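Q: Pasting in a structure now, in structure tokens, and then I'll have a few things to ask.
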Amino acid sequence: DAKQPYEHILVSRPAHGVGLITLNRPKALNALNSPLFEELNKAAEELDNDHSIGALVLTGSDRAFAAGADIKEMKDKTYSDVFGNRFLESWTKIQNLRKPIIAAVSGYALGGGCELALMCDIILASPTATFGQPEINLGVIPGGGGTQRLIRSIGKSRTMELVLTGRNFSAVEAESWGIVSKVVGEGEGQVVKEAVQLAEKIAGKGRLAVQAGKEAVNAAYELTLAEGLNFERRLFHGLFATHDQKEGMSAFAEKRKAKFTHS
Ligand code: CO8
């Protein structure tokens with residue numbers, strides 16, 4: 001497609017207010033490398049800054065969301081290469097987006113692929129999704145947040161087991177542990193379809209409230225309960241300065257549907 005400015009990803013707008021980024025290195029099962037992340041960061045930032053977009057979806061192929069960082073690219077790197085050049089530092093920018101991003105995971109989400117999904121706000125999985133942190137089998141450990149994010153959602157014992165054995169885990173396990181919000185029905189493309197529908201639903205809400213909601217939930221990772229409750233309440237107070245709060249509450253009182261203007 002001549003209109004696609006990217007080599008390793010595809011960007012589209014499949015529904016009103018929704019930006020879809022598809023990882024597209026099929027021959028390498030979407031193995032992640034620096035050129036791919038440069039494109040991913042650029043596309044995500046553009047969608048984040050685009051006023052017509054309310055939510056993002058990140059996906060891969062039916063066979064692989066991403067099979068991890070590109071091992072062939074990493075294998076000859078030295079300590080001075082990786083430490084000196086801050087390897088991986090720019091691979092985590094997705095976590096700083098204002099707008100919600102939903103991972104639609106099908107097939108392999110291993111190593112950095114699993115971590116990339118964990119950086120997203122919501123994960124939907126197809127029944128074929130296979131997650132795992134297999135880095136231990138390569139003589140390393142997760143480097144994109146796997147140890148830190150997993151323990152916060154699934155506890156120490158499970159995280160230790162996964163990180164120290166490198167075993168894969170299924171979509172059903174991921175759902176039962178709360179990593180995945182839903183395992184969708186079978187069928188190629190189904191997980192993307194449902195993720196786009198979910199993103200469209202979120203994009204229909206007031207953007208400022210959505211941004212505040214995302215910020216408040218994420219703050220819980222960093223703050224004590226008292227600080228977090230205070231932070232949430234301050235954001236709640238702040239939303240009373242928006243037109244969307246007036247519109248949302250008036251619409252309820254007038255028994256009509258709210259028309260949010262994101263202001
Ligand atoms: N890197 C490079 N190439 C890969 C990778 C990878 N991670 N995964 C698959 N490929 C390539 C294969 O080499 C193969 O290429 P070729 O056809 O040229 O030989 C092609 O993709 C297809 O793969 P397979 O033939 O192996 O396909 P199978 O269906 O037999 O197996 C597997 C699929 C099980 C997914 C297998 O490919 C595999 O085990 N891949 C490696 C998984 C892994 O160990 N991932 C962790 C990598 S380390 C890491 O991610 C560090 C994280 C850093 C932080 C990132 C922050 C976001």
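Residues are named by chain letter and number: chains run A, B, ... in the order of the structure tokens, numbers start at 1 in each chain, and ligands are numbered from 1 in the order shown.
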Contacts of Gly54 (chain A) at 7 Å or less, counting only C-alpha atoms, minus same-chain residues fewer than 6 places along, as a list in words?
A: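 With the cut-off at 7 Å, the set is Gly17, Val18, Lys99, Ala203 and Arg207 of chain A.
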Q: Any residue with an atom at most 7 Å from ligand 1 counts, using only C-alpha atoms and all ligand atoms. Which are they? Put them as number ranges by chain.
A: A: 27-29, 31, 67-72, 88, 91-92, 108, 110-113, 115-116, 133-135, 138, 142-144
Q: Go ahead and save the residues from that selection, with N, CA and C atoms, as a PDB file, in the first residue's frame.
A:
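To be explicit, this is the file written out as result10.pdb:
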```pdb
ATOM      1  N   LYS A  27       7.193 -12.636   8.802  1.00  0.00           N
ATOM      2  CA  LYS A  27       8.201 -13.697   8.670  1.00  0.00           C
ATOM      3  C   LYS A  27       8.942 -13.946   9.972  1.00  0.00           C
ATOM      4  N   ALA A  28       9.002 -12.962  10.840  1.00  0.00           N
ATOM      5  CA  ALA A  28       9.707 -13.123  12.121  1.00  0.00           C
ATOM      6  C   ALA A  28       8.720 -13.193  13.285  1.00  0.00           C
ATOM      7  N   LEU A  29       7.477 -13.553  12.998  1.00  0.00           N
ATOM      8  CA  LEU A  29       6.429 -13.616  14.029  1.00  0.00           C
ATOM      9  C   LEU A  29       6.370 -12.310  14.841  1.00  0.00           C
ATOM     10  N   ALA A  31       8.693 -10.308  15.658  1.00  0.00           N
ATOM     11  CA  ALA A  31       9.782 -10.061  16.612  1.00  0.00           C
ATOM     12  C   ALA A  31      10.062  -8.559  16.646  1.00  0.00           C
ATOM     13  N   ALA A  67       6.475 -12.413  19.034  1.00  0.00           N
ATOM     14  CA  ALA A  67       7.201 -13.528  19.663  1.00  0.00           C
ATOM     15  C   ALA A  67       8.415 -13.041  20.444  1.00  0.00           C
ATOM     16  N   GLY A  68       8.400 -11.772  20.838  1.00  0.00           N
ATOM     17  CA  GLY A  68       9.471 -11.266  21.699  1.00  0.00           C
ATOM     18  C   GLY A  68      10.414 -10.349  20.968  1.00  0.00           C
ATOM     19  N   ALA A  69      11.409  -9.873  21.719  1.00  0.00           N
ATOM     20  CA  ALA A  69      12.448  -9.054  21.101  1.00  0.00           C
ATOM     21  C   ALA A  69      13.184  -9.918  20.086  1.00  0.00           C
ATOM     22  N   ASP A  70      13.753  -9.255  19.077  1.00  0.00           N
ATOM     23  CA  ASP A  70      14.428  -9.978  17.996  1.00  0.00           C
ATOM     24  C   ASP A  70      15.739 -10.577  18.518  1.00  0.00           C
ATOM     25  N   ILE A  71      15.722 -11.890  18.709  1.00  0.00           N
ATOM     26  CA  ILE A  71      16.860 -12.582  19.331  1.00  0.00           C
ATOM     27  C   ILE A  71      18.091 -12.524  18.421  1.00  0.00           C
ATOM     28  N   LYS A  72      17.838 -12.601  17.108  1.00  0.00           N
ATOM     29  CA  LYS A  72      18.974 -12.581  16.174  1.00  0.00           C
ATOM     30  C   LYS A  72      19.678 -11.222  16.232  1.00  0.00           C
ATOM     31  N   LEU A  88      16.398  -0.760  25.073  1.00  0.00           N
ATOM     32  CA  LEU A  88      15.023  -0.969  25.572  1.00  0.00           C
ATOM     33  C   LEU A  88      14.364   0.289  26.130  1.00  0.00           C
ATOM     34  N   TRP A  91      11.594   1.560  24.217  1.00  0.00           N
ATOM     35  CA  TRP A  91      10.611   0.539  23.849  1.00  0.00           C
ATOM     36  C   TRP A  91       9.382   0.561  24.750  1.00  0.00           C
ATOM     37  N   THR A  92       9.348   1.488  25.674  1.00  0.00           N
ATOM     38  CA  THR A  92       8.254   1.449  26.658  1.00  0.00           C
ATOM     39  C   THR A  92       7.418   2.730  26.618  1.00  0.00           C
ATOM     40  N   TYR A 108       1.158 -16.037  19.590  1.00  0.00           N
ATOM     41  CA  TYR A 108       2.244 -15.865  20.567  1.00  0.00           C
ATOM     42  C   TYR A 108       2.371 -14.434  21.076  1.00  0.00           C
ATOM     43  N   LEU A 110       5.083 -13.512  23.555  1.00  0.00           N
ATOM     44  CA  LEU A 110       6.174 -14.037  24.376  1.00  0.00           C
ATOM     45  C   LEU A 110       7.214 -12.958  24.655  1.00  0.00           C
ATOM     46  N   GLY A 111       7.844 -13.056  25.817  1.00  0.00           N
ATOM     47  CA  GLY A 111       8.921 -12.125  26.150  1.00  0.00           C
ATOM     48  C   GLY A 111       8.451 -10.684  26.016  1.00  0.00           C
ATOM     49  N   GLY A 112       9.167  -9.924  25.187  1.00  0.00           N
ATOM     50  CA  GLY A 112       8.787  -8.526  24.963  1.00  0.00           C
ATOM     51  C   GLY A 112       7.388  -8.381  24.400  1.00  0.00           C
ATOM     52  N   GLY A 113       6.879  -9.410  23.724  1.00  0.00           N
ATOM     53  CA  GLY A 113       5.509  -9.378  23.205  1.00  0.00           C
ATOM     54  C   GLY A 113       4.504  -9.402  24.338  1.00  0.00           C
ATOM     55  N   GLU A 115       5.226  -8.433  27.375  1.00  0.00           N
ATOM     56  CA  GLU A 115       5.425  -7.169  28.097  1.00  0.00           C
ATOM     57  C   GLU A 115       4.770  -5.994  27.374  1.00  0.00           C
ATOM     58  N   LEU A 116       4.812  -6.031  26.055  1.00  0.00           N
ATOM     59  CA  LEU A 116       4.155  -4.969  25.277  1.00  0.00           C
ATOM     60  C   LEU A 116       2.646  -5.000  25.534  1.00  0.00           C
ATOM     61  N   GLN A 133       6.984 -15.579  29.503  1.00  0.00           N
ATOM     62  CA  GLN A 133       8.229 -14.824  29.665  1.00  0.00           C
ATOM     63  C   GLN A 133       9.354 -15.850  29.589  1.00  0.00           C
ATOM     64  N   PRO A 134       9.745 -16.254  28.356  1.00  0.00           N
ATOM     65  CA  PRO A 134      10.715 -17.341  28.204  1.00  0.00           C
ATOM     66  C   PRO A 134      12.181 -16.899  28.272  1.00  0.00           C
ATOM     67  N   GLU A 135      12.430 -15.656  28.702  1.00  0.00           N
ATOM     68  CA  GLU A 135      13.804 -15.124  28.656  1.00  0.00           C
ATOM     69  C   GLU A 135      14.807 -15.996  29.405  1.00  0.00           C
ATOM     70  N   LEU A 138      16.943 -18.138  27.522  1.00  0.00           N
ATOM     71  CA  LEU A 138      17.969 -17.496  26.688  1.00  0.00           C
ATOM     72  C   LEU A 138      19.111 -16.966  27.544  1.00  0.00           C
ATOM     73  N   PRO A 142      13.265 -11.022  31.902  1.00  0.00           N
ATOM     74  CA  PRO A 142      12.465 -10.003  31.213  1.00  0.00           C
ATOM     75  C   PRO A 142      13.092  -8.613  31.408  1.00  0.00           C
ATOM     76  N   GLY A 143      13.009  -7.776  30.378  1.00  0.00           N
ATOM     77  CA  GLY A 143      13.625  -6.449  30.462  1.00  0.00           C
ATOM     78  C   GLY A 143      12.662  -5.329  30.152  1.00  0.00           C
ATOM     79  N   GLY A 144      11.399  -5.678  29.885  1.00  0.00           N
ATOM     80  CA  GLY A 144      10.415  -4.652  29.512  1.00  0.00           C
ATOM     81  C   GLY A 144       9.275  -4.573  30.510  1.00  0.00           C
TER      82      GLY A 144
END
```
Q: I need the residue nearest Asp121 (chain A) from this list: A:Gly213, A:Gly84, A:Gly206, A:Pro100. Use only C-alpha atoms for the distance.
A: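 Among A:Gly213, A:Gly84, A:Gly206, A:Pro100, it is A:Pro100 that comes nearest to Asp121 (chain A).
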Q: Please report, as CSV, each residue of region 71-137 of chain A lying at most 8 Å from region 36-48 of chain A, together with the nearest pair of atoms and the separation in Å rounded to one decimal; use only C-alpha atoms, and order rows by chain and ascending residue number.
A:
```
residue,atom,partner,partner_atom,distance
A:Ser90,CA,A:Phe37,CA,7.6
A:Trp91,CA,A:Phe37,CA,6.0
A:Lys93,CA,A:Asn41,CA,6.5
A:Ile94,CA,A:Asn41,CA,6.7
A:Leu97,CA,A:Asp48,CA,6.5
A:Arg98,CA,A:Asp48,CA,6.6
A:Lys99,CA,A:Asp48,CA,6.0
```
Q: Please produce a file of the residues just selected, as a PDB file, in the first residue's frame, where the atoms kept are C-alpha atoms.
A:
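Written file, selection00.pdb:
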```
ATOM      1  CA  SER A  90      12.604   3.790  24.080  1.00  0.00           C
ATOM      2  CA  TRP A  91      10.611   0.539  23.849  1.00  0.00           C
ATOM      3  CA  LYS A  93       6.835   4.772  25.455  1.00  0.00           C
ATOM      4  CA  ILE A  94       3.440   3.173  24.847  1.00  0.00           C
ATOM      5  CA  LEU A  97      -0.042   7.614  26.152  1.00  0.00           C
ATOM      6  CA  ARG A  98      -2.952   9.741  27.375  1.00  0.00           C
ATOM      7  CA  LYS A  99      -5.541   7.808  25.427  1.00  0.00           C
TER       8      LYS A  99
END
```
Q: Near Phe236 (chain A), counting only C-alpha atoms, which residues have an atom at most 10 Å away, once you skip same-chain residues fewer than 3 positions from it, shown as a ChimeraX atom specification?
A: /A:209,212-213,216,230-233,239-241
Q: Next, write the just-selected residues to a file, as a PDB file, in the first residue's frame, keeping N, CA and C atoms as the atom set.
A:
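Output (out_37.pdb):
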```pdb
ATOM      1  N   ALA A 209     -12.695  12.907  30.638  1.00  0.00           N
ATOM      2  CA  ALA A 209     -13.023  11.966  31.710  1.00  0.00           C
ATOM      3  C   ALA A 209     -12.292  10.634  31.502  1.00  0.00           C
ATOM      4  N   ALA A 212      -8.751  11.128  32.519  1.00  0.00           N
ATOM      5  CA  ALA A 212      -8.650  11.195  33.982  1.00  0.00           C
ATOM      6  C   ALA A 212      -8.823   9.806  34.594  1.00  0.00           C
ATOM      7  N   GLY A 213      -9.745   9.029  34.048  1.00  0.00           N
ATOM      8  CA  GLY A 213      -9.971   7.673  34.565  1.00  0.00           C
ATOM      9  C   GLY A 213      -8.738   6.805  34.400  1.00  0.00           C
ATOM     10  N   ALA A 216      -6.072   7.928  36.862  1.00  0.00           N
ATOM     11  CA  ALA A 216      -6.372   7.548  38.240  1.00  0.00           C
ATOM     12  C   ALA A 216      -6.092   6.065  38.472  1.00  0.00           C
ATOM     13  N   ASN A 230      -6.914  10.330  47.381  1.00  0.00           N
ATOM     14  CA  ASN A 230      -6.870  11.783  47.274  1.00  0.00           C
ATOM     15  C   ASN A 230      -6.694  12.218  45.813  1.00  0.00           C
ATOM     16  N   PHE A 231      -5.774  11.530  45.115  1.00  0.00           N
ATOM     17  CA  PHE A 231      -5.504  11.831  43.708  1.00  0.00           C
ATOM     18  C   PHE A 231      -6.784  11.657  42.885  1.00  0.00           C
ATOM     19  N   GLU A 232      -7.476  10.544  43.130  1.00  0.00           N
ATOM     20  CA  GLU A 232      -8.727  10.275  42.409  1.00  0.00           C
ATOM     21  C   GLU A 232      -9.751  11.380  42.668  1.00  0.00           C
ATOM     22  N   ARG A 233      -9.895  11.764  43.938  1.00  0.00           N
ATOM     23  CA  ARG A 233     -10.899  12.770  44.282  1.00  0.00           C
ATOM     24  C   ARG A 233     -10.571  14.127  43.646  1.00  0.00           C
ATOM     25  N   LEU A 239     -12.943  17.566  37.083  1.00  0.00           N
ATOM     26  CA  LEU A 239     -13.841  17.339  35.944  1.00  0.00           C
ATOM     27  C   LEU A 239     -15.079  18.238  36.000  1.00  0.00           C
ATOM     28  N   PHE A 240     -15.353  18.829  37.185  1.00  0.00           N
ATOM     29  CA  PHE A 240     -16.474  19.771  37.281  1.00  0.00           C
ATOM     30  C   PHE A 240     -16.175  21.089  36.563  1.00  0.00           C
ATOM     31  N   ALA A 241     -14.945  21.240  36.113  1.00  0.00           N
ATOM     32  CA  ALA A 241     -14.601  22.425  35.303  1.00  0.00           C
ATOM     33  C   ALA A 241     -14.844  22.180  33.820  1.00  0.00           C
TER      34      ALA A 241
END
```
Q: Would you list the contacts of His243 (chain A) as a list of chain:residue names, taking every protein, DNA or RNA residue within 7 Å and counting only C-alpha atoms, but skipping same-chain residues closer than 3 positions in sequence?
A: A:Lys246, A:Glu247, A:Ser263
Q: May I ask which of the residues A:Asn49, A:Ser250, A:Thr224, A:Ser106 is the closest one to Ala64 (chain A), counting only C-alpha atoms?
A: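 Selected residue with least distance to Ala64 (chain A): A:Ser106.
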Q: May I ask which of the residues A:Phe169, A:Tyr79, A:Tyr6, A:Phe252 is the closest one to Asn24 (chain A), counting only C-alpha atoms?
A: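 For Asn24 (chain A), the nearest of the candidates is A:Tyr6.
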Q: Could you pull out all residues of region 30-218 of chain A with a DSSP call of alpha helix (DSSP H) and give them as an MDAnalysis selection string?
A: chainID A and resid 34:49 71:74 79:84 112:119 146:154 156:165 171:176 190:203 207:218
Q: For each of A:Ser12, A:Leu235, A:Leu164, A:Leu118, take the minimum atom-to-atom distance to Ala219 (chain A), counting only C-alpha atoms, then give the residue where this is smallest.
A: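 Ranked by minimum distance to Ala219 (chain A), first place goes to A:Leu235.
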Q: Could you give me, as JSON, numbers by chain, the residues within 6 Å of Ile123 (chain A), counting only C-alpha atoms and dropping anything in the same chain fewer than 6 positions from it?
A: {"A": [102, 103, 180, 181]}
Q: How would the residues just picked look written out with N, CA and C atoms as a PDB file, in the first residue's frame?
A:
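Everything below was put into selection31.pdb:
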```pdb
ATOM      1  N   ILE A 102      -5.782  -0.618  23.740  1.00  0.00           N
ATOM      2  CA  ILE A 102      -6.234  -1.991  24.003  1.00  0.00           C
ATOM      3  C   ILE A 102      -5.361  -2.940  23.197  1.00  0.00           C
ATOM      4  N   ALA A 103      -4.797  -3.953  23.854  1.00  0.00           N
ATOM      5  CA  ALA A 103      -4.037  -4.975  23.131  1.00  0.00           C
ATOM      6  C   ALA A 103      -5.005  -6.074  22.710  1.00  0.00           C
ATOM      7  N   VAL A 180      -5.923 -10.656  31.499  1.00  0.00           N
ATOM      8  CA  VAL A 180      -6.739 -10.465  30.306  1.00  0.00           C
ATOM      9  C   VAL A 180      -8.161 -10.172  30.771  1.00  0.00           C
ATOM     10  N   SER A 181      -8.807  -9.159  30.178  1.00  0.00           N
ATOM     11  CA  SER A 181     -10.157  -8.862  30.654  1.00  0.00           C
ATOM     12  C   SER A 181     -11.192  -9.800  30.036  1.00  0.00           C
TER      13      SER A 181
END
```
Q: With only C-alpha atoms as the counted atoms, please give the residues lying no more than 12 Å from Gln197 (chain A), apart from itself and same-chain residues fewer than 4 positions off, as a list in words.
A: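 The neighbour list is Pro14, Ala15, His16, Gly17, Val18, Gly19, Leu20, Ala55, Leu56, Val57, Ile102, Ala104, Leu124, Gln190, Val191, Val192, Lys193, Lys201, Ile202, Ala203 and Gly204 of chain A.
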Q: With distances taken over only C-alpha atoms, which of A:Leu58, A:Val183, A:Ile101, A:Ala66 is nearest to Pro26 (chain A)?
A: A:Ala66
Q: Can you tell me which residues surround Leu162 (chain A) at a distance of at most 10 Å, considering only C-alpha atoms, apart from same-chain residues fewer than 6 positions away, and format the answer as a list in words?
A: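 Neighbouring residues, sequence-local ones excluded: Gly132, Gln133, Pro134, Ile136, Gly146, Thr147, Leu150, Lys156, Asn168 and Phe169 of chain A.
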Q: Go ahead and save the residues from that selection, with N, CA and C atoms, as an mmCIF file, in the first residue's frame.
A:
```cif
data_model
loop_
_atom_site.group_PDB
_atom_site.id
_atom_site.type_symbol
_atom_site.label_atom_id
_atom_site.label_comp_id
_atom_site.auth_asym_id
_atom_site.auth_seq_id
_atom_site.Cartn_x
_atom_site.Cartn_y
_atom_site.Cartn_z
ATOM 1 N N GLY A 132 3.866 -15.734 27.667
ATOM 2 C CA GLY A 132 4.985 -16.309 28.404
ATOM 3 C C GLY A 132 6.141 -15.349 28.494
ATOM 4 N N GLN A 133 6.984 -15.579 29.503
ATOM 5 C CA GLN A 133 8.229 -14.824 29.665
ATOM 6 C C GLN A 133 9.354 -15.850 29.589
ATOM 7 N N PRO A 134 9.745 -16.254 28.356
ATOM 8 C CA PRO A 134 10.715 -17.341 28.204
ATOM 9 C C PRO A 134 12.181 -16.899 28.272
ATOM 10 N N ILE A 136 14.335 -16.661 30.469
ATOM 11 C CA ILE A 136 15.246 -17.489 31.277
ATOM 12 C C ILE A 136 15.909 -18.561 30.409
ATOM 13 N N GLY A 146 8.208 -7.168 32.629
ATOM 14 C CA GLY A 146 7.527 -8.434 32.945
ATOM 15 C C GLY A 146 7.538 -8.773 34.429
ATOM 16 N N THR A 147 8.707 -8.693 35.058
ATOM 17 C CA THR A 147 8.758 -9.081 36.478
ATOM 18 C C THR A 147 7.935 -8.118 37.333
ATOM 19 N N LEU A 150 3.841 -8.199 36.169
ATOM 20 C CA LEU A 150 3.140 -9.446 36.505
ATOM 21 C C LEU A 150 2.898 -9.542 38.003
ATOM 22 N N LYS A 156 3.242 -12.978 43.753
ATOM 23 C CA LYS A 156 4.656 -13.385 43.723
ATOM 24 C C LYS A 156 4.857 -14.827 43.280
ATOM 25 N N ASN A 168 5.054 -21.237 29.107
ATOM 26 C CA ASN A 168 3.966 -20.456 28.521
ATOM 27 C C ASN A 168 2.715 -20.543 29.388
ATOM 28 N N PHE A 169 1.834 -19.587 29.250
ATOM 29 C CA PHE A 169 0.515 -19.703 29.877
ATOM 30 C C PHE A 169 -0.565 -19.320 28.872
#
```
